[in-house]
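Working notes, beginning with the structure itself.
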Amino acid sequence: MSTATLIDRVRRELAAAGDPKRAPAMQRYMKSDMPYHGVPMPEVRRICRVIFAQHPLDSASTLEAAVSQLFLEASHREERYAAIQLAEHRLYRPYQTADRIPLYRNLIVAGAWWDTVDEIAGNLVGPILAAHPSEVRLTVVGWATDEDLWLRRTAIIAQLGAKEQTDLALLTYAIEANIGDTDFFIRKAIGWALRQYARVDPDWVRDFVADHETQLSGLSRREALKRIGS
């Protein structure tokens, strides 16, 4: 199945499912320069499931081309969401290797907003990091100090789903490298990452917050301790 056929059908069906009355509110909520068709996310997922099942792609390179084109050439934001759904699809889990990391870096930098970045970080970069640490870890370490805000956020939150397998040295490095940043999205990411790890080891998180009391922002501290107390 060609990428052109798949992309064309995704674009057509998302446009047909759009609600022009809903679209402006969705765009305002997301503070997006890119317009919406007005398709709720559950419906985006449903449309994608049907199309992707009927139009399988035959190689990692074909998948990468389709994801890249659908995301980077999107005219409406739902097309970017569809591109991420395509990358995450169960048919293409065998393709989720270190070779995909450059693609996801491009999407993170191009997307440059939490709605796409967080999904890519948690559901694509994170699992690849867990499965291929020797190949990916140094890349994520580099992202923690990158000039790009969204790569730094990704380095902080990529392990949200790692649970007991969390690389604590990497998590600590990513947080400490950004602990003085005043940007809301970095401060929120730090608190979110700590809060998530508190599900596994609340004592470690309490100690970390205590040890960094004067460095952590109030937002990061509150988020980190939200479920466990001080």
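Ordering of the structure tokens sets the chain letters (A, B, ...), residue numbers begin anew at 1 in every chain, and ligands are numbered from 1 in the order given.
When the distance limit is 12 Å and only C-alpha atoms are what count, the residues near Thr97 of chain A, minus those fewer than 2 positions from it on the same chain, are Ala60, Glu64, Ala87, Tyr92, Arg93, Pro94, Tyr95, Asp99, Arg100, Ile101, Pro102, Leu103, Tyr104, Leu124, Val125, Gly126, Pro127, Ile128, Leu129, Ala130, Ala131, His132, Pro133, Ser134, Glu135 and Val136 of chain A.
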Export of prior selection with N, CA, C and O atoms as an mmCIF file, in the first residue's frame:
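Below is the file that was written, again-v4.cif:
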```
data_model
loop_
_atom_site.group_PDB
_atom_site.id
_atom_site.type_symbol
_atom_site.label_atom_id
_atom_site.label_comp_id
_atom_site.auth_asym_id
_atom_site.auth_seq_id
_atom_site.Cartn_x
_atom_site.Cartn_y
_atom_site.Cartn_z
ATOM 1 N N ALA A 60 9.438 -0.667 7.371
ATOM 2 C CA ALA A 60 9.719 0.424 8.307
ATOM 3 C C ALA A 60 9.925 1.735 7.561
ATOM 4 O O ALA A 60 9.490 2.798 8.019
ATOM 5 N N GLU A 64 7.771 5.101 8.075
ATOM 6 C CA GLU A 64 8.421 6.356 8.440
ATOM 7 C C GLU A 64 8.052 7.469 7.464
ATOM 8 O O GLU A 64 7.789 8.604 7.876
ATOM 9 N N ALA A 87 2.119 5.835 13.899
ATOM 10 C CA ALA A 87 3.395 5.385 14.462
ATOM 11 C C ALA A 87 3.188 4.412 15.614
ATOM 12 O O ALA A 87 3.967 3.470 15.793
ATOM 13 N N TYR A 92 2.902 -1.981 13.748
ATOM 14 C CA TYR A 92 4.242 -1.471 13.503
ATOM 15 C C TYR A 92 5.119 -1.465 14.750
ATOM 16 O O TYR A 92 6.177 -0.842 14.760
ATOM 17 N N ARG A 93 4.701 -2.213 15.772
ATOM 18 C CA ARG A 93 5.536 -2.325 16.965
ATOM 19 C C ARG A 93 6.907 -2.912 16.658
ATOM 20 O O ARG A 93 7.903 -2.493 17.253
ATOM 21 N N PRO A 94 7.025 -3.870 15.735
ATOM 22 C CA PRO A 94 8.375 -4.375 15.424
ATOM 23 C C PRO A 94 9.301 -3.308 14.852
ATOM 24 O O PRO A 94 10.521 -3.485 14.864
ATOM 25 N N TYR A 95 8.743 -2.233 14.331
ATOM 26 C CA TYR A 95 9.559 -1.161 13.764
ATOM 27 C C TYR A 95 9.986 -0.127 14.804
ATOM 28 O O TYR A 95 10.710 0.814 14.471
ATOM 29 N N ASP A 99 16.237 3.088 15.359
ATOM 30 C CA ASP A 99 16.245 3.740 14.046
ATOM 31 C C ASP A 99 15.138 4.771 13.897
ATOM 32 O O ASP A 99 15.220 5.654 13.032
ATOM 33 N N ARG A 100 14.086 4.675 14.714
ATOM 34 C CA ARG A 100 12.981 5.630 14.619
ATOM 35 C C ARG A 100 13.230 6.921 15.394
ATOM 36 O O ARG A 100 12.509 7.896 15.222
ATOM 37 N N ILE A 101 14.234 6.930 16.236
ATOM 38 C CA ILE A 101 14.445 8.096 17.098
ATOM 39 C C ILE A 101 14.675 9.388 16.311
ATOM 40 O O ILE A 101 14.124 10.438 16.677
ATOM 41 N N PRO A 102 15.454 9.394 15.233
ATOM 42 C CA PRO A 102 15.580 10.644 14.466
ATOM 43 C C PRO A 102 14.245 11.166 13.932
ATOM 44 O O PRO A 102 14.018 12.381 13.899
ATOM 45 N N LEU A 103 13.370 10.262 13.516
ATOM 46 C CA LEU A 103 12.040 10.675 13.073
ATOM 47 C C LEU A 103 11.291 11.351 14.205
ATOM 48 O O LEU A 103 10.716 12.444 14.029
ATOM 49 N N TYR A 104 11.287 10.727 15.377
ATOM 50 C CA TYR A 104 10.521 11.284 16.485
ATOM 51 C C TYR A 104 11.122 12.601 16.963
ATOM 52 O O TYR A 104 10.390 13.504 17.389
ATOM 53 N N LEU A 124 6.160 6.632 22.357
ATOM 54 C CA LEU A 124 7.065 6.230 21.287
ATOM 55 C C LEU A 124 8.524 6.253 21.755
ATOM 56 O O LEU A 124 9.191 5.234 21.775
ATOM 57 N N VAL A 125 9.006 7.412 22.176
ATOM 58 C CA VAL A 125 10.393 7.492 22.631
ATOM 59 C C VAL A 125 10.609 6.645 23.873
ATOM 60 O O VAL A 125 11.586 5.896 23.966
ATOM 61 N N GLY A 126 9.716 6.751 24.848
ATOM 62 C CA GLY A 126 9.873 6.032 26.107
ATOM 63 C C GLY A 126 10.019 4.526 25.942
ATOM 64 O O GLY A 126 10.971 3.928 26.468
ATOM 65 N N PRO A 127 9.110 3.874 25.230
ATOM 66 C CA PRO A 127 9.243 2.432 25.039
ATOM 67 C C PRO A 127 10.505 2.030 24.283
ATOM 68 O O PRO A 127 11.091 0.986 24.572
ATOM 69 N N ILE A 128 10.934 2.847 23.320
ATOM 70 C CA ILE A 128 12.173 2.523 22.610
ATOM 71 C C ILE A 128 13.368 2.665 23.549
ATOM 72 O O ILE A 128 14.282 1.837 23.545
ATOM 73 N N LEU A 129 13.363 3.695 24.368
ATOM 74 C CA LEU A 129 14.423 3.876 25.365
ATOM 75 C C LEU A 129 14.488 2.675 26.301
ATOM 76 O O LEU A 129 15.578 2.171 26.609
ATOM 77 N N ALA A 130 13.337 2.195 26.742
ATOM 78 C CA ALA A 130 13.307 1.047 27.651
ATOM 79 C C ALA A 130 13.803 -0.225 26.981
ATOM 80 O O ALA A 130 14.489 -1.043 27.601
ATOM 81 N N ALA A 131 13.469 -0.406 25.716
ATOM 82 C CA ALA A 131 13.827 -1.635 25.012
ATOM 83 C C ALA A 131 15.256 -1.616 24.463
ATOM 84 O O ALA A 131 15.875 -2.665 24.309
ATOM 85 N N HIS A 132 15.775 -0.412 24.187
ATOM 86 C CA HIS A 132 17.094 -0.302 23.555
ATOM 87 C C HIS A 132 17.937 0.762 24.252
ATOM 88 O O HIS A 132 18.402 1.714 23.610
ATOM 89 N N PRO A 133 18.144 0.612 25.557
ATOM 90 C CA PRO A 133 18.848 1.671 26.297
ATOM 91 C C PRO A 133 20.262 1.932 25.807
ATOM 92 O O PRO A 133 20.718 3.082 25.789
ATOM 93 N N SER A 134 20.964 0.895 25.409
ATOM 94 C CA SER A 134 22.358 1.090 24.994
ATOM 95 C C SER A 134 22.463 1.930 23.731
ATOM 96 O O SER A 134 23.479 2.595 23.495
ATOM 97 N N GLU A 135 21.408 1.937 22.927
ATOM 98 C CA GLU A 135 21.419 2.689 21.676
ATOM 99 C C GLU A 135 20.792 4.078 21.808
ATOM 100 O O GLU A 135 21.103 4.964 21.012
ATOM 101 N N VAL A 136 19.916 4.251 22.783
ATOM 102 C CA VAL A 136 19.093 5.464 22.831
ATOM 103 C C VAL A 136 19.428 6.375 24.005
ATOM 104 O O VAL A 136 19.230 7.585 23.938
#
```
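Using only C-alpha atoms for every distance, the candidate list A:Ala162, A:Leu216, A:Thr116, A:Pro202 yields A:Leu216 as the residue closest to Ile186 of chain A.
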Neighbours of Ala66 of chain A within 10 Å (only C-alpha atoms; same-chain residues fewer than 5 positions away dropped), as a compact mmCIF listing (two decimals) with all heavy atoms, in the first residue's frame?
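Below is the file part-v6.txt, written as the result:
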```txt
# COMPACT_ATOMS: atom_id res chain seq x y z
N SER A 2 0.64 2.15 -0.91
CA SER A 2 1.46 3.35 -1.01
C SER A 2 1.12 4.32 0.11
O SER A 2 0.00 4.36 0.62
CB SER A 2 1.23 4.03 -2.36
OG SER A 2 -0.04 4.64 -2.41
N THR A 3 2.12 5.12 0.48
CA THR A 3 1.87 6.15 1.49
C THR A 3 0.86 7.16 0.99
O THR A 3 0.05 7.68 1.77
CB THR A 3 3.18 6.85 1.87
OG1 THR A 3 3.74 7.46 0.70
CG2 THR A 3 4.18 5.87 2.45
N ALA A 4 0.89 7.46 -0.31
CA ALA A 4 -0.02 8.47 -0.86
C ALA A 4 -1.47 8.05 -0.69
O ALA A 4 -2.33 8.88 -0.33
CB ALA A 4 0.30 8.71 -2.34
N THR A 5 -1.76 6.79 -0.92
CA THR A 5 -3.14 6.29 -0.79
C THR A 5 -3.60 6.39 0.66
O THR A 5 -4.72 6.83 0.94
CB THR A 5 -3.22 4.84 -1.27
OG1 THR A 5 -2.82 4.78 -2.64
CG2 THR A 5 -4.64 4.31 -1.14
N LEU A 6 -2.75 5.96 1.57
CA LEU A 6 -3.09 6.00 2.99
C LEU A 6 -3.31 7.44 3.45
O LEU A 6 -4.32 7.75 4.10
CB LEU A 6 -1.97 5.36 3.80
CG LEU A 6 -2.11 5.44 5.33
CD1 LEU A 6 -3.29 4.61 5.80
CD2 LEU A 6 -0.83 4.98 6.01
N ILE A 7 -2.39 8.31 3.12
CA ILE A 7 -2.48 9.70 3.58
C ILE A 7 -3.70 10.38 3.00
O ILE A 7 -4.41 11.12 3.70
CB ILE A 7 -1.19 10.45 3.22
CG1 ILE A 7 -0.03 9.94 4.08
CG2 ILE A 7 -1.36 11.96 3.40
CD1 ILE A 7 1.32 10.44 3.63
N LEU A 57 1.05 -1.02 5.82
CA LEU A 57 2.29 -0.62 5.15
C LEU A 57 3.31 -1.74 5.28
O LEU A 57 3.32 -2.47 6.28
CB LEU A 57 2.81 0.67 5.78
CG LEU A 57 1.84 1.85 5.70
CD1 LEU A 57 2.36 3.04 6.49
CD2 LEU A 57 1.60 2.26 4.24
N ALA A 60 9.44 -0.67 7.37
CA ALA A 60 9.72 0.42 8.31
C ALA A 60 9.92 1.73 7.56
O ALA A 60 9.49 2.80 8.02
CB ALA A 60 10.96 0.08 9.13
N SER A 61 10.57 1.68 6.42
CA SER A 61 10.81 2.91 5.66
C SER A 61 9.52 3.50 5.12
O SER A 61 9.35 4.73 5.08
CB SER A 61 11.79 2.65 4.52
OG SER A 61 11.28 1.68 3.62
N PHE A 71 2.46 14.10 9.30
CA PHE A 71 2.68 15.06 10.39
C PHE A 71 3.21 16.39 9.87
O PHE A 71 2.66 17.46 10.17
CB PHE A 71 3.66 14.46 11.39
CG PHE A 71 3.75 15.23 12.68
CD1 PHE A 71 3.08 14.79 13.81
CD2 PHE A 71 4.52 16.38 12.79
CE1 PHE A 71 3.16 15.49 15.01
CE2 PHE A 71 4.62 17.09 13.97
CZ PHE A 71 3.93 16.64 15.08
N LEU A 72 4.28 16.34 9.11
CA LEU A 72 4.98 17.57 8.72
C LEU A 72 4.24 18.38 7.67
O LEU A 72 4.44 19.60 7.57
CB LEU A 72 6.39 17.23 8.23
CG LEU A 72 7.31 16.57 9.26
CD1 LEU A 72 8.66 16.23 8.64
CD2 LEU A 72 7.50 17.45 10.49
N ALA A 83 -1.01 10.97 12.46
CA ALA A 83 0.36 10.52 12.22
C ALA A 83 0.92 9.80 13.44
O ALA A 83 1.60 8.76 13.31
CB ALA A 83 1.24 11.72 11.86
N LEU A 86 -0.63 6.44 13.77
CA LEU A 86 -0.02 5.51 12.82
C LEU A 86 1.29 4.96 13.37
O LEU A 86 1.54 3.74 13.32
CB LEU A 86 0.21 6.21 11.48
CG LEU A 86 0.87 5.39 10.37
CD1 LEU A 86 0.03 4.16 10.03
CD2 LEU A 86 1.09 6.25 9.13
N ALA A 87 2.12 5.83 13.90
CA ALA A 87 3.39 5.38 14.46
C ALA A 87 3.19 4.41 15.61
O ALA A 87 3.97 3.47 15.79
CB ALA A 87 4.21 6.60 14.93
```
Subject >> Near-Gln85 of chain A list (8 Å; only C-alpha atoms; drop same-chain fewer than 4 positions) as a PyMOL selection string >> reply: chain A and resi 45+48+81+89
**OP:** Would you kindly return, as a list in words, each protein, DNA or RNA residue with an atom no farther than 10 Å from any atom of Leu219 of chain A, considering only C-alpha atoms and excluding same-chain residues fewer than 6 positions away?
**Re:** Phe184, Arg187, Lys188, Ala189, Ile190, Gly191 and Trp192 of chain A
Subject >> Exercise: segment 105-111 of chain A partners within 12 Å, only C-alpha atoms, chain neighbours under 3 positions left out, as number ranges by chain >> reply: A: 32-34, 64, 67-74, 77, 79-81, 83-84, 87, 98-102, 114-122, 124-125, 136, 139-140, 142-143, 146-155
**OP:** Would you mind telling me which residue in A:Glu176, A:Glu223, A:Asp201, A:Glu43 lies nearest to Leu14 of chain A when using only C-alpha atoms?
**Re:** A:Glu43
